[in-house]
Amino acid sequence: MNRYLDNSIEKSHKTISHRIAFSSFIISFLLTYTISCALHIDGILLRLCTWTLPVFMYLWAQHKNPFVYLKLQTKAGLLWAFSFCVIIFGLGSLLRGVTGLNLSIPTDVWWNVIILVGLSEEVVFRGFILQQIEEMTESFWVGNSVQAILFAVTHVPYWLSQSQQITSGLIAFVLISGFLLGIIFRKTESLWACMLIHSVNNFCSIALVYPKI
């Protein structure tokens, strides 16, 4: 009986410690990102150092293999994700009346916005936050909802720093996109699938030329 009670207490202490560590991580992450946006300091190197690297260090501290935990050890689902991207590209082109492709994209935009931003954001939101909250609440839908909300919220400081008009439609798009990416992550069990879709979406938003209204 005492042994069972001791195990329960130890498990409770570990759970509390885990939640405190995770909460501290999220608060630090949000503060760092908000301050960097306010100071107009942004770039893929900064995101890799303040987003991706801390996640890897946190998981190592928790005695977990980051590549296995984040589901980066398998490329399963890439074909499915590629097909999904083709459908999105086709529907977007059809519904928005695309007039052409602008491939004169600066190198830094290719790396910062199209290629590597998907990596850094998917590691934090789908790979890390979603799974951490799912573990604490024992509910995928809670984890997915929270990460999607945080995903949308973190876009606001960046939009403000770029003097971009923030609309309810824009916020809803990012929120829904984050939620759907969470489902894709769950179904494919691969973060690479989410990275591919994320990068293709960013490419379309930059390269597709829409008619002026």
# chains A, B, ... in the order shown; residues from 1 in each chain; ligands from 1
call {"tool": "select_by_dssp", "arguments": {"residues": "stretch 83-185 of chain A", "states": "helix (DSSP H, G or I)", "output": "JSON, numbers by chain"}}
result
{"A": [83, 84, 85, 86, 87, 88, 89, 90, 91, 92, 93, 94, 95, 96, 107, 108, 109, 110, 111, 112, 113, 114, 115, 116, 117, 118, 119, 120, 121, 122, 123, 124, 125, 126, 127, 128, 129, 130, 131, 132, 133, 134, 135, 136, 137, 140, 141, 142, 143, 144, 145, 146, 147, 148, 149, 150, 151, 152, 153, 154, 155, 156, 157, 158, 159, 160, 161, 168, 169, 170, 171, 172, 173, 174, 175, 176, 177, 178, 179, 180, 181, 182, 183, 184, 185]}
call {"tool": "residues_around", "arguments": {"residues": "stretch 143-153 of chain A", "least_positions_apart": "5", "cutoff": "12 Å", "atoms": "only C-alpha atoms", "output": "number ranges by chain"}}
result
A: 26-27, 29-30, 33-34, 120-138, 158-160, 166, 168-186
call {"tool": "closest_residue", "arguments": {"among": "A:Ala61, A:Cys85, A:Ile44, A:Cys37", "to": "A:His18", "atoms": "only C-alpha atoms"}}
result
A:Ala61
call {"tool": "decode", "arguments": {"residues": "stretch 111-148 of chain A", "atoms": "N, CA and C atoms", "output": "PDB file, in the first residue's frame"}}
result
ATOM      1  N   TRP A 111      14.607  30.992 -48.517  1.00  0.00           N
ATOM      2  CA  TRP A 111      15.064  30.294 -47.321  1.00  0.00           C
ATOM      3  C   TRP A 111      14.218  30.630 -46.091  1.00  0.00           C
ATOM      4  N   ASN A 112      13.992  31.938 -45.868  1.00  0.00           N
ATOM      5  CA  ASN A 112      13.339  32.374 -44.637  1.00  0.00           C
ATOM      6  C   ASN A 112      11.839  32.112 -44.599  1.00  0.00           C
ATOM      7  N   VAL A 113      11.160  32.303 -45.731  1.00  0.00           N
ATOM      8  CA  VAL A 113       9.701  32.236 -45.737  1.00  0.00           C
ATOM      9  C   VAL A 113       9.162  30.929 -46.298  1.00  0.00           C
ATOM     10  N   ILE A 114       9.856  30.371 -47.278  1.00  0.00           N
ATOM     11  CA  ILE A 114       9.313  29.198 -47.959  1.00  0.00           C
ATOM     12  C   ILE A 114       9.890  27.882 -47.427  1.00  0.00           C
ATOM     13  N   ILE A 115      11.194  27.800 -47.284  1.00  0.00           N
ATOM     14  CA  ILE A 115      11.823  26.519 -46.952  1.00  0.00           C
ATOM     15  C   ILE A 115      11.947  26.285 -45.448  1.00  0.00           C
ATOM     16  N   LEU A 116      12.654  27.166 -44.758  1.00  0.00           N
ATOM     17  CA  LEU A 116      13.005  26.896 -43.369  1.00  0.00           C
ATOM     18  C   LEU A 116      11.975  27.339 -42.340  1.00  0.00           C
ATOM     19  N   VAL A 117      11.113  28.292 -42.689  1.00  0.00           N
ATOM     20  CA  VAL A 117      10.121  28.730 -41.707  1.00  0.00           C
ATOM     21  C   VAL A 117       9.142  27.594 -41.402  1.00  0.00           C
ATOM     22  N   GLY A 118       8.861  26.781 -42.414  1.00  0.00           N
ATOM     23  CA  GLY A 118       7.984  25.631 -42.186  1.00  0.00           C
ATOM     24  C   GLY A 118       8.614  24.654 -41.209  1.00  0.00           C
ATOM     25  N   LEU A 119       9.924  24.485 -41.323  1.00  0.00           N
ATOM     26  CA  LEU A 119      10.630  23.585 -40.416  1.00  0.00           C
ATOM     27  C   LEU A 119      10.539  24.082 -38.977  1.00  0.00           C
ATOM     28  N   SER A 120      10.878  25.353 -38.762  1.00  0.00           N
ATOM     29  CA  SER A 120      10.910  25.884 -37.400  1.00  0.00           C
ATOM     30  C   SER A 120       9.525  25.924 -36.767  1.00  0.00           C
ATOM     31  N   GLU A 121       8.516  26.343 -37.523  1.00  0.00           N
ATOM     32  CA  GLU A 121       7.163  26.449 -36.964  1.00  0.00           C
ATOM     33  C   GLU A 121       6.532  25.083 -36.731  1.00  0.00           C
ATOM     34  N   GLU A 122       6.778  24.139 -37.622  1.00  0.00           N
ATOM     35  CA  GLU A 122       6.194  22.800 -37.442  1.00  0.00           C
ATOM     36  C   GLU A 122       6.817  22.076 -36.253  1.00  0.00           C
ATOM     37  N   VAL A 123       8.119  22.266 -36.051  1.00  0.00           N
ATOM     38  CA  VAL A 123       8.775  21.652 -34.894  1.00  0.00           C
ATOM     39  C   VAL A 123       8.141  22.150 -33.604  1.00  0.00           C
ATOM     40  N   VAL A 124       7.929  23.471 -33.506  1.00  0.00           N
ATOM     41  CA  VAL A 124       7.395  24.050 -32.272  1.00  0.00           C
ATOM     42  C   VAL A 124       5.929  23.689 -32.053  1.00  0.00           C
ATOM     43  N   PHE A 125       5.086  23.931 -33.057  1.00  0.00           N
ATOM     44  CA  PHE A 125       3.646  23.828 -32.840  1.00  0.00           C
ATOM     45  C   PHE A 125       3.099  22.408 -32.984  1.00  0.00           C
ATOM     46  N   ARG A 126       3.306  21.774 -34.126  1.00  0.00           N
ATOM     47  CA  ARG A 126       2.756  20.433 -34.318  1.00  0.00           C
ATOM     48  C   ARG A 126       3.605  19.372 -33.626  1.00  0.00           C
ATOM     49  N   GLY A 127       4.922  19.448 -33.802  1.00  0.00           N
ATOM     50  CA  GLY A 127       5.770  18.412 -33.236  1.00  0.00           C
ATOM     51  C   GLY A 127       5.878  18.463 -31.723  1.00  0.00           C
ATOM     52  N   PHE A 128       5.974  19.670 -31.156  1.00  0.00           N
ATOM     53  CA  PHE A 128       6.250  19.806 -29.728  1.00  0.00           C
ATOM     54  C   PHE A 128       5.018  20.172 -28.899  1.00  0.00           C
ATOM     55  N   ILE A 129       4.436  21.356 -29.127  1.00  0.00           N
ATOM     56  CA  ILE A 129       3.330  21.829 -28.291  1.00  0.00           C
ATOM     57  C   ILE A 129       2.137  20.888 -28.342  1.00  0.00           C
ATOM     58  N   LEU A 130       1.757  20.465 -29.531  1.00  0.00           N
ATOM     59  CA  LEU A 130       0.602  19.565 -29.662  1.00  0.00           C
ATOM     60  C   LEU A 130       0.796  18.305 -28.825  1.00  0.00           C
ATOM     61  N   GLN A 131       1.955  17.670 -28.969  1.00  0.00           N
ATOM     62  CA  GLN A 131       2.180  16.405 -28.275  1.00  0.00           C
ATOM     63  C   GLN A 131       2.345  16.591 -26.762  1.00  0.00           C
ATOM     64  N   GLN A 132       2.960  17.692 -26.353  1.00  0.00           N
ATOM     65  CA  GLN A 132       3.124  17.946 -24.932  1.00  0.00           C
ATOM     66  C   GLN A 132       1.772  18.132 -24.243  1.00  0.00           C
ATOM     67  N   ILE A 133       0.907  18.920 -24.851  1.00  0.00           N
ATOM     68  CA  ILE A 133      -0.407  19.168 -24.253  1.00  0.00           C
ATOM     69  C   ILE A 133      -1.272  17.912 -24.330  1.00  0.00           C
ATOM     70  N   GLU A 134      -1.125  17.155 -25.412  1.00  0.00           N
ATOM     71  CA  GLU A 134      -1.871  15.903 -25.524  1.00  0.00           C
ATOM     72  C   GLU A 134      -1.467  14.950 -24.394  1.00  0.00           C
ATOM     73  N   GLU A 135      -0.184  14.917 -24.066  1.00  0.00           N
ATOM     74  CA  GLU A 135       0.286  14.057 -22.980  1.00  0.00           C
ATOM     75  C   GLU A 135      -0.271  14.508 -21.633  1.00  0.00           C
ATOM     76  N   MET A 136      -0.330  15.816 -21.425  1.00  0.00           N
ATOM     77  CA  MET A 136      -0.788  16.333 -20.137  1.00  0.00           C
ATOM     78  C   MET A 136      -2.302  16.215 -19.967  1.00  0.00           C
ATOM     79  N   THR A 137      -3.045  16.354 -21.063  1.00  0.00           N
ATOM     80  CA  THR A 137      -4.512  16.317 -20.978  1.00  0.00           C
ATOM     81  C   THR A 137      -5.095  14.985 -21.414  1.00  0.00           C
ATOM     82  N   GLU A 138      -4.239  14.143 -22.038  1.00  0.00           N
ATOM     83  CA  GLU A 138      -4.688  12.864 -22.578  1.00  0.00           C
ATOM     84  C   GLU A 138      -5.791  13.050 -23.616  1.00  0.00           C
ATOM     85  N   SER A 139      -5.686  14.151 -24.356  1.00  0.00           N
ATOM     86  CA  SER A 139      -6.667  14.440 -25.409  1.00  0.00           C
ATOM     87  C   SER A 139      -5.969  15.081 -26.601  1.00  0.00           C
ATOM     88  N   PHE A 140      -6.023  14.416 -27.763  1.00  0.00           N
ATOM     89  CA  PHE A 140      -5.434  14.985 -28.975  1.00  0.00           C
ATOM     90  C   PHE A 140      -6.134  16.275 -29.354  1.00  0.00           C
ATOM     91  N   TRP A 141      -7.453  16.315 -29.208  1.00  0.00           N
ATOM     92  CA  TRP A 141      -8.221  17.477 -29.664  1.00  0.00           C
ATOM     93  C   TRP A 141      -7.929  18.710 -28.825  1.00  0.00           C
ATOM     94  N   VAL A 142      -7.685  18.536 -27.541  1.00  0.00           N
ATOM     95  CA  VAL A 142      -7.287  19.664 -26.698  1.00  0.00           C
ATOM     96  C   VAL A 142      -5.914  20.169 -27.140  1.00  0.00           C
ATOM     97  N   GLY A 143      -4.984  19.237 -27.305  1.00  0.00           N
ATOM     98  CA  GLY A 143      -3.643  19.604 -27.747  1.00  0.00           C
ATOM     99  C   GLY A 143      -3.656  20.289 -29.094  1.00  0.00           C
ATOM    100  N   ASN A 144      -4.453  19.770 -30.013  1.00  0.00           N
ATOM    101  CA  ASN A 144      -4.512  20.337 -31.354  1.00  0.00           C
ATOM    102  C   ASN A 144      -5.145  21.720 -31.349  1.00  0.00           C
ATOM    103  N   SER A 145      -6.170  21.899 -30.538  1.00  0.00           N
ATOM    104  CA  SER A 145      -6.844  23.199 -30.460  1.00  0.00           C
ATOM    105  C   SER A 145      -5.933  24.263 -29.866  1.00  0.00           C
ATOM    106  N   VAL A 146      -5.219  23.902 -28.791  1.00  0.00           N
ATOM    107  CA  VAL A 146      -4.332  24.860 -28.138  1.00  0.00           C
ATOM    108  C   VAL A 146      -3.186  25.263 -29.055  1.00  0.00           C
ATOM    109  N   GLN A 147      -2.572  24.278 -29.729  1.00  0.00           N
ATOM    110  CA  GLN A 147      -1.455  24.628 -30.608  1.00  0.00           C
ATOM    111  C   GLN A 147      -1.913  25.478 -31.776  1.00  0.00           C
ATOM    112  N   ALA A 148      -3.125  25.237 -32.293  1.00  0.00           N
ATOM    113  CA  ALA A 148      -3.649  26.024 -33.414  1.00  0.00           C
ATOM    114  C   ALA A 148      -3.892  27.471 -32.986  1.00  0.00           C
TER     115      ALA A 148
END
